[in-house]
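Some notes on the structure that comes next.
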Amino acid sequence: MNAHLRIANLVKRYGPTAALDGVSFEVEPGELKVLLGPSGSGKSTVLKCVAGLISPTSGRILLRGQDITDIPIHQRKIGLVMQGYSLFPHMSAYDNVAFPLRTPMHRCGQKELQKRVAQIFDLTGLTGLEGQRPSELSGGEQQRVALARALVFSPEVLLLDEPLAALDRELRERMQDEIRRIHTTLGMTIIYVTHDQAEAMKVADRIAILNRGQVAQVGSALELYESPSNEFVARFLGGANLLTGRVISILDGVIKVEVGKCELRAPSVDGLCQDALVTLLVRPERVRVAVPEADSNCLPGTIINSTYLGSALQTDVSLSDGTVWRSSMTPARSSFKAGVTTNIHWQIEDTHILPTQQSVNSLHLEA
């Protein structure tokens, strides 16, 4: 399948600073691609380059194979919803949504305009609010008007830049469902920018994680969470317990790793050899605080704190070298007492191996 939108080696410099440093990825037709990353990672800069709000220093943006890198913003047929919505305060919701259809680029007859606006009001759940001005609408309703305005002229691509950041948690979660519903209904190609990991995992078909102006990894939420390609992705997408060690043996699909005076095991991966340095990753929900089960990895430690969260019991345990690991046990039980010596354990198959350049000289875990 040919990519609907292709970003090729995009660079954006502000003096000596590179906001984007060779960003490349593709968006398939009808795909909802999320750009996820911390502040300053370059995700909104990518979106502004695609929209035509800023020009890249170098690189190309191709829409259906056509190079649109230097095409003016009003000729790109791209819909955009910014975090602040940018609604016209003096216009009704109807006139805000109809506005693109009254511009030279998308102008249509009055009957066609009324038909399109009515359809998009129905799709976005705005029917009945046509006469309201933005100041008379709730935050969620304003967000729907901004979304409807971006959709009414049937853009080739819809760009959403932190569209739910101004909403409270409950409303934000409802709007996430609405965006997925609208995406499914229209089958539209969407690029969605957010720094919220849970939001990204909920709405995305695939996620591109950005860090310092570069793409760290692209994949589905499952792929990125279960098989991160590097430590940054592991830490950024969900909780990450990490330890560095040296491979001491590889046998029957199991790798044994020496971490200080402890020996831990993980499923074998291609390309590793004896004495290689690796980082072991275990997600908090796979770690248990209790008497270890047979044939599991186990480390001794001391409980720092334990918090009951309703859906899970979150417990932080200090290992012998001062490293703190977190357990998120489900179902939740009564919390553990701080200062108690205990064991943490997890199954061998729940250990993921990351390549690392870190020296093992600083490791002092004791069995």
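Here's how to read the names in the structure tokens: chain A, B, ... by the order shown, residue numbers from 1 in each chain, ligand numbers from 1 in the order shown.
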
Could you give me the residues within range 173-274 of chain A that DSSP places in helix (DSSP H, G or I), as a PyMOL selection string?
-> chain A and resi 173-186+197-203+221-226+231-236

Closest atom pairs, range 133-193 of chain A residues within 6 Å of range 82-88 of chain A, only C-alpha atoms, as a tab-separated table:
residue	atom	partner	partner_atom	distance
A:Ala146	CA	A:Tyr85	CA	5.5
A:Asp161	CA	A:Met82	CA	5.0
A:Glu162	CA	A:Gln83	CA	5.2
A:Pro163	CA	A:Gln83	CA	4.7

Mind dumping the selected residues with C-alpha atoms as a short mmCIF file (atom, residue, chain, number, x, y, z; two decimals), in the first residue's frame?
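Final output, saved to result08.cif:
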data_model
loop_
_atom_site.label_atom_id
_atom_site.label_comp_id
_atom_site.auth_asym_id
_atom_site.auth_seq_id
_atom_site.Cartn_x
_atom_site.Cartn_y
_atom_site.Cartn_z
CA ALA A 146 -13.21 23.37 15.84
CA ASP A 161 -2.33 19.46 17.73
CA GLU A 162 -2.95 18.64 21.41
CA PRO A 163 -6.70 19.00 20.70
#

Pairwise distance for CA of Pro284 in chain A and CA of Leu210 in chain A, rounded to one decimal in Å |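 The value is 23.3 Å.
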
Fewer than 5 positions away in the same chain doesn't count, so skip those; otherwise give me all residues within 9 Å of Val193 in chain A, counting only C-alpha atoms, as a PyMOL selection string.
-> chain A and resi 33-37+43-44+47+159-163+200

Selection from above, C-alpha atoms, as a PDB file, in the first residue's frame, can you write it?
ATOM      1  CA  LYS A  33      -0.992   8.267  13.380  1.00  0.00           C
ATOM      2  CA  VAL A  34      -0.090   9.790  16.759  1.00  0.00           C
ATOM      3  CA  LEU A  35       3.105  11.805  17.222  1.00  0.00           C
ATOM      4  CA  LEU A  36       4.079  11.324  20.858  1.00  0.00           C
ATOM      5  CA  GLY A  37       6.941  12.808  22.795  1.00  0.00           C
ATOM      6  CA  LYS A  43       6.138  16.781  17.308  1.00  0.00           C
ATOM      7  CA  SER A  44       4.262  20.100  16.909  1.00  0.00           C
ATOM      8  CA  LEU A  47       2.647  19.194  12.294  1.00  0.00           C
ATOM      9  CA  LEU A 159      -4.014  17.492  11.756  1.00  0.00           C
ATOM     10  CA  LEU A 160      -4.813  17.621  15.486  1.00  0.00           C
ATOM     11  CA  ASP A 161      -2.326  19.462  17.728  1.00  0.00           C
ATOM     12  CA  GLU A 162      -2.952  18.635  21.414  1.00  0.00           C
ATOM     13  CA  PRO A 163      -6.703  19.002  20.701  1.00  0.00           C
ATOM     14  CA  ALA A 200      -1.852   8.111  22.422  1.00  0.00           C
TER      15      ALA A 200
END

Fewer than 3 positions away in the same chain doesn't count, so skip those; otherwise give me all residues within 10 Å of Glu173 in chain A, counting only C-alpha atoms, as a PyMOL selection string.
-> chain A and resi 164+167-170+176-178+198-199+202

Can you write out the residues you just picked, keeping all heavy atoms, as a short mmCIF file (atom, residue, chain, number, x, y, z; two decimals), in the first residue's frame?
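Generated file (result37.cif):
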data_model
loop_
_atom_site.label_atom_id
_atom_site.label_comp_id
_atom_site.auth_asym_id
_atom_site.auth_seq_id
_atom_site.Cartn_x
_atom_site.Cartn_y
_atom_site.Cartn_z
N LEU A 164 -7.08 18.03 22.91
CA LEU A 164 -7.87 17.81 24.13
C LEU A 164 -7.17 18.34 25.39
O LEU A 164 -7.65 18.13 26.50
CB LEU A 164 -8.16 16.32 24.31
CG LEU A 164 -8.73 15.60 23.08
CD1 LEU A 164 -9.01 14.14 23.41
CD2 LEU A 164 -10.00 16.28 22.58
N LEU A 167 -9.14 20.30 28.14
CA LEU A 167 -10.33 19.69 28.74
C LEU A 167 -10.01 18.96 30.03
O LEU A 167 -8.89 18.49 30.22
CB LEU A 167 -10.97 18.72 27.74
CG LEU A 167 -11.31 19.29 26.35
CD1 LEU A 167 -11.94 18.20 25.49
CD2 LEU A 167 -12.21 20.50 26.46
N ASP A 168 -11.01 18.83 30.91
CA ASP A 168 -10.79 18.06 32.13
C ASP A 168 -10.74 16.58 31.79
O ASP A 168 -11.09 16.16 30.67
CB ASP A 168 -11.88 18.34 33.17
CG ASP A 168 -13.28 17.95 32.69
OD1 ASP A 168 -13.50 16.77 32.35
OD2 ASP A 168 -14.16 18.83 32.64
N ARG A 169 -10.31 15.78 32.75
CA ARG A 169 -10.00 14.37 32.48
C ARG A 169 -11.20 13.60 31.94
O ARG A 169 -11.09 12.87 30.95
CB ARG A 169 -9.49 13.70 33.75
CG ARG A 169 -9.17 12.23 33.57
CD ARG A 169 -8.63 11.62 34.84
NE ARG A 169 -8.40 10.19 34.69
CZ ARG A 169 -7.93 9.40 35.65
NH1 ARG A 169 -7.63 9.92 36.83
NH2 ARG A 169 -7.75 8.12 35.43
N GLU A 170 -12.36 13.74 32.57
CA GLU A 170 -13.54 12.97 32.15
C GLU A 170 -13.96 13.35 30.73
O GLU A 170 -14.24 12.49 29.90
CB GLU A 170 -14.69 13.21 33.12
CG GLU A 170 -15.95 12.41 32.79
CD GLU A 170 -17.06 12.62 33.80
OE1 GLU A 170 -16.83 13.30 34.82
OE2 GLU A 170 -18.17 12.11 33.56
N GLN A 176 -11.84 11.46 23.37
CA GLN A 176 -10.98 10.46 22.74
C GLN A 176 -11.83 9.41 22.03
O GLN A 176 -11.54 9.02 20.89
CB GLN A 176 -10.09 9.80 23.78
CG GLN A 176 -9.01 10.70 24.36
CD GLN A 176 -8.38 10.13 25.62
OE1 GLN A 176 -8.66 8.99 26.01
NE2 GLN A 176 -7.56 10.92 26.27
N ASP A 177 -12.91 8.98 22.69
CA ASP A 177 -13.83 8.02 22.07
C ASP A 177 -14.50 8.64 20.85
O ASP A 177 -14.70 7.96 19.83
CB ASP A 177 -14.88 7.58 23.08
CG ASP A 177 -14.31 6.75 24.22
OD1 ASP A 177 -13.28 6.09 24.00
OD2 ASP A 177 -14.89 6.76 25.32
N GLU A 178 -14.85 9.92 20.94
CA GLU A 178 -15.51 10.60 19.83
C GLU A 178 -14.60 10.70 18.62
O GLU A 178 -15.02 10.51 17.48
CB GLU A 178 -15.97 12.00 20.27
CG GLU A 178 -17.24 12.01 21.09
CD GLU A 178 -18.42 11.48 20.29
OE1 GLU A 178 -18.84 12.14 19.32
OE2 GLU A 178 -18.89 10.36 20.60
N ALA A 198 -1.19 7.74 27.66
CA ALA A 198 -2.44 6.98 27.70
C ALA A 198 -3.36 7.39 26.56
O ALA A 198 -4.02 6.56 25.93
CB ALA A 198 -3.13 7.17 29.05
N GLU A 199 -3.41 8.69 26.28
CA GLU A 199 -4.23 9.19 25.18
C GLU A 199 -3.74 8.64 23.85
O GLU A 199 -4.53 8.20 23.01
CB GLU A 199 -4.17 10.72 25.17
CG GLU A 199 -5.05 11.38 24.11
CD GLU A 199 -5.08 12.89 24.33
OE1 GLU A 199 -5.52 13.33 25.41
OE2 GLU A 199 -4.64 13.62 23.43
N LYS A 202 -4.70 5.03 23.37
CA LYS A 202 -6.13 4.82 23.20
C LYS A 202 -6.61 5.17 21.79
O LYS A 202 -7.43 4.46 21.23
CB LYS A 202 -6.91 5.66 24.22
CG LYS A 202 -8.41 5.43 24.20
CD LYS A 202 -9.10 6.15 25.33
CE LYS A 202 -10.60 5.89 25.32
NZ LYS A 202 -11.29 6.56 26.45
#

Within 10 Å of Arg333 in chain A, counting only C-alpha atoms, which residues show up once you throw out same-chain ones fewer than 4 positions away? Write them as a ChimeraX atom specification, please.
-> /A:307-314,329

At what distance in Å, to one decimal, does CA of Thr315 in chain A lie from CA of Lys261 in chain A?
-> 23.9 Å

Run DSSP on the backbone of this structure and report the residues of range 95-239 of chain A it assigns to strand (DSSP E), as a ChimeraX atom specification.
-> /A:157-161,189-194,206-211,214-219

Find, counting only C-alpha atoms, the residue in A:Pro300, A:Gly140, A:Gly187, A:Gly260 that gets nearest to Arg246 in chain A.
->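 Smallest separation from Arg246 in chain A among the options: A:Gly260.
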
Atom-to-atom span, CA of Leu5 in chain A and CA of Ala216 in chain A, Å |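 The value is 19.1 Å.
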
Hey, what's within 8 Å of Thr341 in chain A if we count only C-alpha atoms and toss same-chain stuff fewer than 2 positions away? As a CSV table (one decimal) with N, CA and C atoms, in the first residue's frame, please?
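Final output, part.csv:
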chain,number,residue,atom,x,y,z
A,300,PRO,N,16.1,-9.4,46.2
A,300,PRO,CA,15.7,-8.9,47.5
A,300,PRO,C,15.7,-7.4,47.5
A,301,GLY,N,14.9,-6.9,48.4
A,301,GLY,CA,14.8,-5.4,48.6
A,301,GLY,C,14.0,-5.0,49.8
A,302,THR,N,13.9,-3.7,50.0
A,302,THR,CA,13.2,-3.1,51.1
A,302,THR,C,12.1,-2.2,50.6
A,303,ILE,N,10.9,-2.4,51.2
A,303,ILE,CA,9.8,-1.5,50.7
A,303,ILE,C,10.0,-0.1,51.2
A,339,GLY,N,9.7,-0.1,55.1
A,339,GLY,CA,10.8,-0.6,55.9
A,339,GLY,C,10.9,-2.1,56.0
A,343,ASN,N,10.9,-9.6,48.9
A,343,ASN,CA,11.4,-10.1,47.6
A,343,ASN,C,10.5,-9.5,46.5

So which residues touch Gln114 in chain A within 12 Å, counting only C-alpha atoms, skipping near sequence neighbours fewer than 6 positions away, as JSON, numbers by chain?
-> {"A": [94, 95, 97, 98, 99, 101, 102, 108, 120, 121, 130, 152]}
